[in-house]
Amino acid sequence: MSILKVEQLVCGYHPKYPVIKGLSFSVEDGQFVGVVGPNGSGKTTLLRALIGMVTRSQGSIYVSQYRLENLDRRDLARRIALVPQLMEPVEGFSVEELIMLGRTPYFDRLKFDDKRDRAAVRWAIRELKLQDLKDRPVAELSGGEFQRVAIARALAQQPKVMLLDEPTSHLDIRYQVRICKLLRKLRSRRSIIATFHDLNLASRYCSRLILLKDGELVAAGSPENVVTPENIWKAYRLKVTVRSNPRTRKAKYVLLP
């Protein structure tokens with residue numbers, strides 16, 4: 001079942017200069033989709049378009065059976081959550097309080113968190129293994145710890161789709177692997193779409209890849225079908241050797257010249 005469908009999407013920040021050009025794809029329930037491509041290929045713009053932050057000049061976006069423009073901000077936030085790349089710690093908030101902000105789409109006008117909200121936050125804290133950090137000020141967290149808190153806040157929204165823009169950027173390799181393993185686990189209850197610069201990391205943990213160049217689709221499908229020397233040449237103009245992971249026999253690894 002398609003949880004998200006994009007048809008002939010054209011969008012950008014100026015009508016005369018589209019960033020995304022005629023892009024079509026669909027995301028099935030429970031998939032972990034990695035969006036990859038060189039700088040300027042439109043990865044971040046695509047995520048923003050999926051939550052209505054970038055104006056479409058052509059095409060359609062469907063969230064489940066609903067057209068994006070027919071969902072108000074509250075309904076959309078209950079279906080899609082975004083973890084931006086440059087999210088900064090908020091002074092004066094504890095970990096638990098920041099995660100509670102993910103419940104904002106469910107708050108009534110005159111009533112804030114109730115039992116359901118608190119239960120959702122406790123669940124997100126358990127899923128991300130943040131029990132020991134829940135009372136800590138977020139300003140005191142390391143980069144890897146704060147990234148887990150940002151994901152927990154999105155998880156507390158209980159969305160059908162989670163969007164993450166470069167979730168492993170600025171993290172050391174240990175936290176990169178930890179975050180990717182976490183996202184792969186979380187897809188059992190929702191779909192994950194994340195942008196990556198690291199092709200090897202995306203190939204290892206994503207179930208599907210979308211390769212972009214200049215806002216256009218180069219290839220889409222399983223990592224073994226997308227990460228090929230031919231596709232990498234088309235997207236990056238770089239001649240590489242690609243090998244399969246001998247242990248998994250699926251994920252591919254790019255060896256630079």
# chains A, B, ... in the order shown; residues from 1 in each chain; ligands from 1
$ residues_around --residues "A:Pro15" --least-positions-apart "5" --cutoff "10 Å" --atoms "only C-alpha atoms" --output "ChimeraX atom specification"
/A:10,55-57
$ select_by_dssp --residues "stretch 35-212 of chain A" --states "helix (DSSP H, G or I)" --output "PyMOL selection string"
chain A and resi 43-50+68-70+73-77+95-106+115-127+131-133+138-140+143-156+173-186+199-205
$ residues_around --residues "A:Gln65" --least-positions-apart "3" --cutoff "10 Å" --atoms "only C-alpha atoms" --output "list of chain:residue names"
A:Ser2, A:Ile3, A:Leu4, A:Lys5, A:Ile61, A:Tyr62, A:Leu68
$ closest_residue --among "A:Thr195, A:Pro159, A:Val121, A:Thr44" --to "A:Asp75" --atoms "only C-alpha atoms"
A:Pro159
$ residues_around --residues "stretch 229-238 of chain A" --least-positions-apart "3" --cutoff "12 Å" --atoms "only C-alpha atoms" --output "ChimeraX atom specification"
/A:36-41,197,199,209-221,223-226,241-243,252-257
$ write_last_selection --atoms "N, CA and C atoms" --output "compact mmCIF listing (two decimals), in the first residue's frame"
# COMPACT_ATOMS: atom_id res chain seq x y z
N VAL A 36 19.36 10.20 -2.22
CA VAL A 36 20.78 10.48 -2.37
C VAL A 36 21.02 11.28 -3.65
N GLY A 37 22.18 11.88 -3.72
CA GLY A 37 22.55 12.67 -4.88
C GLY A 37 23.55 13.74 -4.49
N PRO A 38 24.19 14.35 -5.48
CA PRO A 38 25.20 15.38 -5.18
C PRO A 38 24.59 16.63 -4.57
N ASN A 39 25.44 17.50 -4.05
CA ASN A 39 24.96 18.78 -3.54
C ASN A 39 24.19 19.53 -4.62
N GLY A 40 23.07 20.14 -4.22
CA GLY A 40 22.27 20.89 -5.18
C GLY A 40 21.34 20.05 -6.01
N SER A 41 21.21 18.77 -5.69
CA SER A 41 20.34 17.89 -6.49
C SER A 41 18.87 18.01 -6.11
N HIS A 197 24.21 11.95 2.28
CA HIS A 197 25.35 12.22 1.41
C HIS A 197 26.17 10.94 1.22
N LEU A 199 26.70 7.44 0.32
CA LEU A 199 26.07 6.36 -0.44
C LEU A 199 26.22 5.01 0.24
N LEU A 209 16.29 3.21 -2.56
CA LEU A 209 17.00 4.46 -2.78
C LEU A 209 16.37 5.24 -3.92
N ILE A 210 16.42 6.57 -3.80
CA ILE A 210 16.05 7.48 -4.88
C ILE A 210 17.26 8.35 -5.16
N LEU A 211 17.82 8.24 -6.36
CA LEU A 211 19.02 8.97 -6.74
C LEU A 211 18.63 10.15 -7.63
N LEU A 212 19.00 11.35 -7.18
CA LEU A 212 18.66 12.58 -7.90
C LEU A 212 19.90 13.26 -8.45
N LYS A 213 19.69 14.02 -9.53
CA LYS A 213 20.70 14.95 -10.02
C LYS A 213 19.96 16.13 -10.65
N ASP A 214 20.30 17.33 -10.20
CA ASP A 214 19.67 18.54 -10.73
C ASP A 214 18.15 18.47 -10.68
N GLY A 215 17.62 17.88 -9.61
CA GLY A 215 16.19 17.83 -9.42
C GLY A 215 15.46 16.79 -10.24
N GLU A 216 16.20 15.96 -10.96
CA GLU A 216 15.59 14.93 -11.79
C GLU A 216 15.98 13.55 -11.30
N LEU A 217 15.14 12.58 -11.58
CA LEU A 217 15.38 11.21 -11.14
C LEU A 217 16.40 10.53 -12.04
N VAL A 218 17.46 10.02 -11.41
CA VAL A 218 18.44 9.22 -12.13
C VAL A 218 18.07 7.75 -12.05
N ALA A 219 17.72 7.31 -10.84
CA ALA A 219 17.35 5.91 -10.64
C ALA A 219 16.59 5.78 -9.33
N ALA A 220 15.75 4.75 -9.24
CA ALA A 220 15.02 4.44 -8.01
C ALA A 220 14.83 2.94 -7.93
N GLY A 221 14.93 2.42 -6.71
CA GLY A 221 14.75 0.98 -6.53
C GLY A 221 15.59 0.48 -5.37
N PRO A 223 18.88 -0.84 -3.30
CA PRO A 223 20.26 -0.35 -3.35
C PRO A 223 21.13 -1.05 -4.39
N GLU A 224 20.94 -2.36 -4.55
CA GLU A 224 21.78 -3.08 -5.51
C GLU A 224 21.50 -2.67 -6.95
N ASN A 225 20.29 -2.16 -7.22
CA ASN A 225 19.96 -1.71 -8.57
C ASN A 225 20.26 -0.24 -8.81
N VAL A 226 20.31 0.55 -7.74
CA VAL A 226 20.55 1.98 -7.87
C VAL A 226 22.04 2.30 -7.82
N THR A 241 34.37 2.01 -8.49
CA THR A 241 34.14 0.57 -8.43
C THR A 241 33.09 0.30 -7.37
N VAL A 242 32.13 -0.56 -7.68
CA VAL A 242 31.07 -0.88 -6.74
C VAL A 242 31.12 -2.38 -6.43
N ARG A 243 31.12 -2.69 -5.16
CA ARG A 243 31.17 -4.10 -4.74
C ARG A 243 30.03 -4.40 -3.78
N LYS A 252 25.60 -2.36 -1.37
CA LYS A 252 26.77 -2.15 -2.19
C LYS A 252 27.67 -1.08 -1.58
N TYR A 253 28.93 -1.18 -1.89
CA TYR A 253 29.91 -0.23 -1.37
C TYR A 253 30.66 0.41 -2.52
N VAL A 254 30.75 1.73 -2.46
CA VAL A 254 31.41 2.48 -3.52
C VAL A 254 32.87 2.68 -3.13
N LEU A 255 33.76 2.27 -4.00
CA LEU A 255 35.19 2.45 -3.79
C LEU A 255 35.66 3.58 -4.69
N LEU A 256 36.12 4.66 -4.09
CA LEU A 256 36.53 5.82 -4.86
C LEU A 256 37.83 5.54 -5.60
N PRO A 257 38.04 6.23 -6.74
CA PRO A 257 39.28 6.01 -7.51
C PRO A 257 40.50 6.51 -6.78
$ residues_around --residues "A:Pro84" --least-positions-apart "3" --cutoff "10 Å" --atoms "only C-alpha atoms" --output "list in words"
Thr44, Leu47, Arg48, Ala81, Met87, Glu88, Ala150, Ile151, Leu163, Leu164, Asp165, Glu166 and Pro167 of chain A
$ write_last_selection --atoms "N, CA, C and O atoms" --output "PDB file, in the first residue's frame"
ATOM      1  N   THR A  44      16.898  18.264  -0.034  1.00  0.00           N
ATOM      2  CA  THR A  44      16.206  18.993   1.032  1.00  0.00           C
ATOM      3  C   THR A  44      14.928  19.634   0.508  1.00  0.00           C
ATOM      4  O   THR A  44      13.889  19.621   1.180  1.00  0.00           O
ATOM      5  N   LEU A  47      12.068  17.132   0.502  1.00  0.00           N
ATOM      6  CA  LEU A  47      11.457  16.906   1.810  1.00  0.00           C
ATOM      7  C   LEU A  47      10.545  18.066   2.191  1.00  0.00           C
ATOM      8  O   LEU A  47       9.443  17.861   2.718  1.00  0.00           O
ATOM      9  N   ARG A  48      10.986  19.274   1.923  1.00  0.00           N
ATOM     10  CA  ARG A  48      10.159  20.441   2.251  1.00  0.00           C
ATOM     11  C   ARG A  48       8.874  20.459   1.435  1.00  0.00           C
ATOM     12  O   ARG A  48       7.818  20.849   1.937  1.00  0.00           O
ATOM     13  N   ALA A  81       5.961  13.769   9.898  1.00  0.00           N
ATOM     14  CA  ALA A  81       6.833  14.511  10.821  1.00  0.00           C
ATOM     15  C   ALA A  81       8.175  14.736  10.142  1.00  0.00           C
ATOM     16  O   ALA A  81       8.684  13.857   9.445  1.00  0.00           O
ATOM     17  N   MET A  87      18.406  21.458  13.141  1.00  0.00           N
ATOM     18  CA  MET A  87      17.634  21.667  14.356  1.00  0.00           C
ATOM     19  C   MET A  87      18.587  21.929  15.520  1.00  0.00           C
ATOM     20  O   MET A  87      19.567  21.212  15.719  1.00  0.00           O
ATOM     21  N   GLU A  88      18.317  22.979  16.275  1.00  0.00           N
ATOM     22  CA  GLU A  88      19.196  23.377  17.368  1.00  0.00           C
ATOM     23  C   GLU A  88      18.527  23.105  18.718  1.00  0.00           C
ATOM     24  O   GLU A  88      17.298  23.176  18.837  1.00  0.00           O
ATOM     25  N   ALA A 150      15.644  14.588  18.882  1.00  0.00           N
ATOM     26  CA  ALA A 150      14.901  15.169  17.762  1.00  0.00           C
ATOM     27  C   ALA A 150      14.050  14.111  17.073  1.00  0.00           C
ATOM     28  O   ALA A 150      12.901  14.376  16.686  1.00  0.00           O
ATOM     29  N   ILE A 151      14.577  12.910  16.929  1.00  0.00           N
ATOM     30  CA  ILE A 151      13.811  11.819  16.322  1.00  0.00           C
ATOM     31  C   ILE A 151      12.668  11.410  17.247  1.00  0.00           C
ATOM     32  O   ILE A 151      11.550  11.137  16.791  1.00  0.00           O
ATOM     33  N   LEU A 163      10.168  12.135   7.928  1.00  0.00           N
ATOM     34  CA  LEU A 163      11.150  12.702   7.010  1.00  0.00           C
ATOM     35  C   LEU A 163      12.344  13.184   7.815  1.00  0.00           C
ATOM     36  O   LEU A 163      12.177  13.903   8.802  1.00  0.00           O
ATOM     37  N   LEU A 164      13.538  12.827   7.396  1.00  0.00           N
ATOM     38  CA  LEU A 164      14.744  13.245   8.100  1.00  0.00           C
ATOM     39  C   LEU A 164      15.756  13.778   7.100  1.00  0.00           C
ATOM     40  O   LEU A 164      16.104  13.096   6.133  1.00  0.00           O
ATOM     41  N   ASP A 165      16.196  15.004   7.319  1.00  0.00           N
ATOM     42  CA  ASP A 165      17.153  15.638   6.424  1.00  0.00           C
ATOM     43  C   ASP A 165      18.560  15.469   6.989  1.00  0.00           C
ATOM     44  O   ASP A 165      18.906  16.056   8.018  1.00  0.00           O
ATOM     45  N   GLU A 166      19.347  14.649   6.317  1.00  0.00           N
ATOM     46  CA  GLU A 166      20.729  14.367   6.737  1.00  0.00           C
ATOM     47  C   GLU A 166      20.803  13.988   8.224  1.00  0.00           C
ATOM     48  O   GLU A 166      21.487  14.663   9.026  1.00  0.00           O
ATOM     49  N   PRO A 167      20.137  12.916   8.637  1.00  0.00           N
ATOM     50  CA  PRO A 167      20.108  12.568  10.064  1.00  0.00           C
ATOM     51  C   PRO A 167      21.459  12.160  10.639  1.00  0.00           C
ATOM     52  O   PRO A 167      21.619  12.130  11.862  1.00  0.00           O
TER      53      PRO A 167
END
$ atom_distance --atom1 "atom CA of A:Ser94" --atom2 "atom CA of A:Glu140"
9.5 Å
$ residues_around --residues "A:Gln157" --least-positions-apart "4" --cutoff "8 Å" --atoms "only C-alpha atoms" --output "short mmCIF file (atom, residue, chain, number, x, y, z; two decimals) with N, CA and C atoms, in the first residue's frame"
data_model
loop_
_atom_site.label_atom_id
_atom_site.label_comp_id
_atom_site.auth_asym_id
_atom_site.auth_seq_id
_atom_site.Cartn_x
_atom_site.Cartn_y
_atom_site.Cartn_z
N ALA A 77 0.38 17.33 10.10
CA ALA A 77 1.36 17.06 11.15
C ALA A 77 1.08 15.76 11.89
N ARG A 78 -0.15 15.27 11.82
CA ARG A 78 -0.47 13.98 12.41
C ARG A 78 -0.09 12.82 11.50
N ALA A 81 5.96 13.77 9.90
CA ALA A 81 6.83 14.51 10.82
C ALA A 81 8.18 14.74 10.14
N GLY A 102 6.28 17.45 20.28
CA GLY A 102 5.79 16.64 19.17
C GLY A 102 4.30 16.35 19.24
N ARG A 103 3.71 16.55 20.39
CA ARG A 103 2.28 16.29 20.57
C ARG A 103 1.43 17.52 20.25
N THR A 104 2.05 18.62 19.87
CA THR A 104 1.33 19.86 19.59
C THR A 104 0.16 19.68 18.63
N PRO A 105 0.27 18.88 17.57
CA PRO A 105 -0.88 18.72 16.66
C PRO A 105 -2.12 18.11 17.32
N ARG A 153 11.06 13.33 19.31
CA ARG A 153 10.01 14.34 19.21
C ARG A 153 9.12 14.09 17.99
#
$ atom_distance --atom1 "atom CA of A:Val27" --atom2 "atom CA of A:Tyr106"
25.2 Å
$ atom_distance --atom1 "atom CA of A:Asp135" --atom2 "atom CA of A:Ala194"
28.4 Å
$ residues_around --residues "stretch 174-184 of chain A" --least-positions-apart "3" --cutoff "8 Å" --atoms "only C-alpha atoms" --output "list in words"
Phe32, Leu128, Gly144, Arg148, Pro167, Thr168, Ser169, Leu171, Arg187, Ser188, Ile192, Leu201, Tyr205 and Cys206 of chain A
$ write_last_selection --atoms "all heavy atoms" --output "short mmCIF file (atom, residue, chain, number, x, y, z; two decimals), in the first residue's frame"
data_model
loop_
_atom_site.label_atom_id
_atom_site.label_comp_id
_atom_site.auth_asym_id
_atom_site.auth_seq_id
_atom_site.Cartn_x
_atom_site.Cartn_y
_atom_site.Cartn_z
N PHE A 32 12.04 2.01 4.24
CA PHE A 32 13.07 2.97 4.64
C PHE A 32 13.73 3.45 3.35
O PHE A 32 14.53 2.74 2.75
CB PHE A 32 14.06 2.30 5.58
CG PHE A 32 15.16 3.21 6.10
CD1 PHE A 32 15.17 4.57 5.85
CD2 PHE A 32 16.19 2.68 6.87
CE1 PHE A 32 16.18 5.40 6.33
CE2 PHE A 32 17.21 3.48 7.37
CZ PHE A 32 17.20 4.85 7.09
N LEU A 128 13.55 5.22 21.89
CA LEU A 128 14.86 5.82 21.62
C LEU A 128 15.86 5.58 22.76
O LEU A 128 16.97 6.10 22.73
CB LEU A 128 14.71 7.31 21.37
CG LEU A 128 14.36 7.78 19.95
CD1 LEU A 128 15.48 7.47 18.98
CD2 LEU A 128 13.08 7.16 19.45
N GLY A 144 25.05 13.44 19.07
CA GLY A 144 24.34 12.18 18.86
C GLY A 144 23.14 12.02 19.77
O GLY A 144 22.09 11.53 19.35
N ARG A 148 18.96 11.88 18.66
CA ARG A 148 17.98 10.89 19.13
C ARG A 148 16.76 11.58 19.73
O ARG A 148 15.62 11.14 19.54
CB ARG A 148 18.62 9.96 20.16
CG ARG A 148 19.57 8.94 19.54
CD ARG A 148 20.51 8.34 20.57
NE ARG A 148 19.80 7.72 21.67
CZ ARG A 148 20.32 7.55 22.88
NH1 ARG A 148 21.55 7.99 23.14
NH2 ARG A 148 19.63 6.96 23.83
N PRO A 167 20.14 12.92 8.64
CA PRO A 167 20.11 12.57 10.06
C PRO A 167 21.46 12.16 10.64
O PRO A 167 21.62 12.13 11.86
CB PRO A 167 19.12 11.39 10.11
CG PRO A 167 19.20 10.78 8.75
CD PRO A 167 19.39 11.95 7.82
N THR A 168 22.43 11.86 9.77
CA THR A 168 23.74 11.43 10.27
C THR A 168 24.82 12.50 10.09
O THR A 168 25.99 12.24 10.40
CB THR A 168 24.20 10.14 9.55
OG1 THR A 168 24.26 10.39 8.14
CG2 THR A 168 23.22 9.00 9.81
N SER A 169 24.44 13.67 9.61
CA SER A 169 25.45 14.72 9.40
C SER A 169 26.00 15.20 10.73
O SER A 169 25.30 15.24 11.74
CB SER A 169 24.84 15.90 8.64
OG SER A 169 23.82 16.51 9.39
N LEU A 171 27.84 13.76 12.78
CA LEU A 171 27.98 12.72 13.80
C LEU A 171 29.18 11.84 13.46
O LEU A 171 29.50 11.63 12.29
CB LEU A 171 26.72 11.85 13.87
CG LEU A 171 25.40 12.55 14.21
CD1 LEU A 171 24.27 11.53 14.22
CD2 LEU A 171 25.49 13.26 15.55
N ARG A 187 11.00 1.70 11.15
CA ARG A 187 10.15 1.56 9.97
C ARG A 187 9.14 0.42 10.09
O ARG A 187 8.24 0.31 9.25
CB ARG A 187 11.00 1.34 8.72
CG ARG A 187 11.56 -0.07 8.59
CD ARG A 187 12.43 -0.19 7.35
NE ARG A 187 13.03 -1.52 7.25
CZ ARG A 187 12.82 -2.35 6.25
NH1 ARG A 187 12.02 -2.02 5.27
NH2 ARG A 187 13.41 -3.52 6.23
N SER A 188 9.24 -0.39 11.13
CA SER A 188 8.27 -1.47 11.30
C SER A 188 6.86 -0.94 11.53
O SER A 188 5.88 -1.63 11.29
CB SER A 188 8.67 -2.37 12.47
OG SER A 188 8.66 -1.63 13.70
N ILE A 192 9.91 5.61 6.50
CA ILE A 192 10.99 6.55 6.76
C ILE A 192 11.55 7.03 5.43
O ILE A 192 11.84 6.22 4.54
CB ILE A 192 12.13 5.89 7.57
CG1 ILE A 192 11.61 5.21 8.84
CG2 ILE A 192 13.22 6.90 7.88
CD1 ILE A 192 11.19 6.14 9.92
N LEU A 201 26.49 4.33 3.46
CA LEU A 201 25.60 4.24 4.61
C LEU A 201 24.16 4.02 4.15
O LEU A 201 23.45 3.17 4.69
CB LEU A 201 25.71 5.53 5.43
CG LEU A 201 25.33 5.47 6.91
CD1 LEU A 201 26.24 4.52 7.66
CD2 LEU A 201 25.42 6.87 7.52
N TYR A 205 21.68 0.48 4.89
CA TYR A 205 20.54 0.44 5.82
C TYR A 205 19.18 0.71 5.18
O TYR A 205 18.16 0.34 5.75
CB TYR A 205 20.77 1.45 6.95
CG TYR A 205 21.89 1.03 7.86
CD1 TYR A 205 23.16 1.59 7.74
CD2 TYR A 205 21.70 0.02 8.81
CE1 TYR A 205 24.20 1.18 8.55
CE2 TYR A 205 22.75 -0.39 9.62
CZ TYR A 205 24.00 0.19 9.49
OH TYR A 205 25.03 -0.24 10.29
N CYS A 206 19.13 1.33 4.01
CA CYS A 206 17.84 1.64 3.40
C CYS A 206 17.33 0.44 2.59
O CYS A 206 18.11 -0.32 2.01
CB CYS A 206 17.96 2.85 2.48
SG CYS A 206 18.36 4.38 3.34
#
$ select_by_dssp --residues "stretch 96-176 of chain A" --states "strand (DSSP E)" --output "NGL selection string"
:A and (161-164)
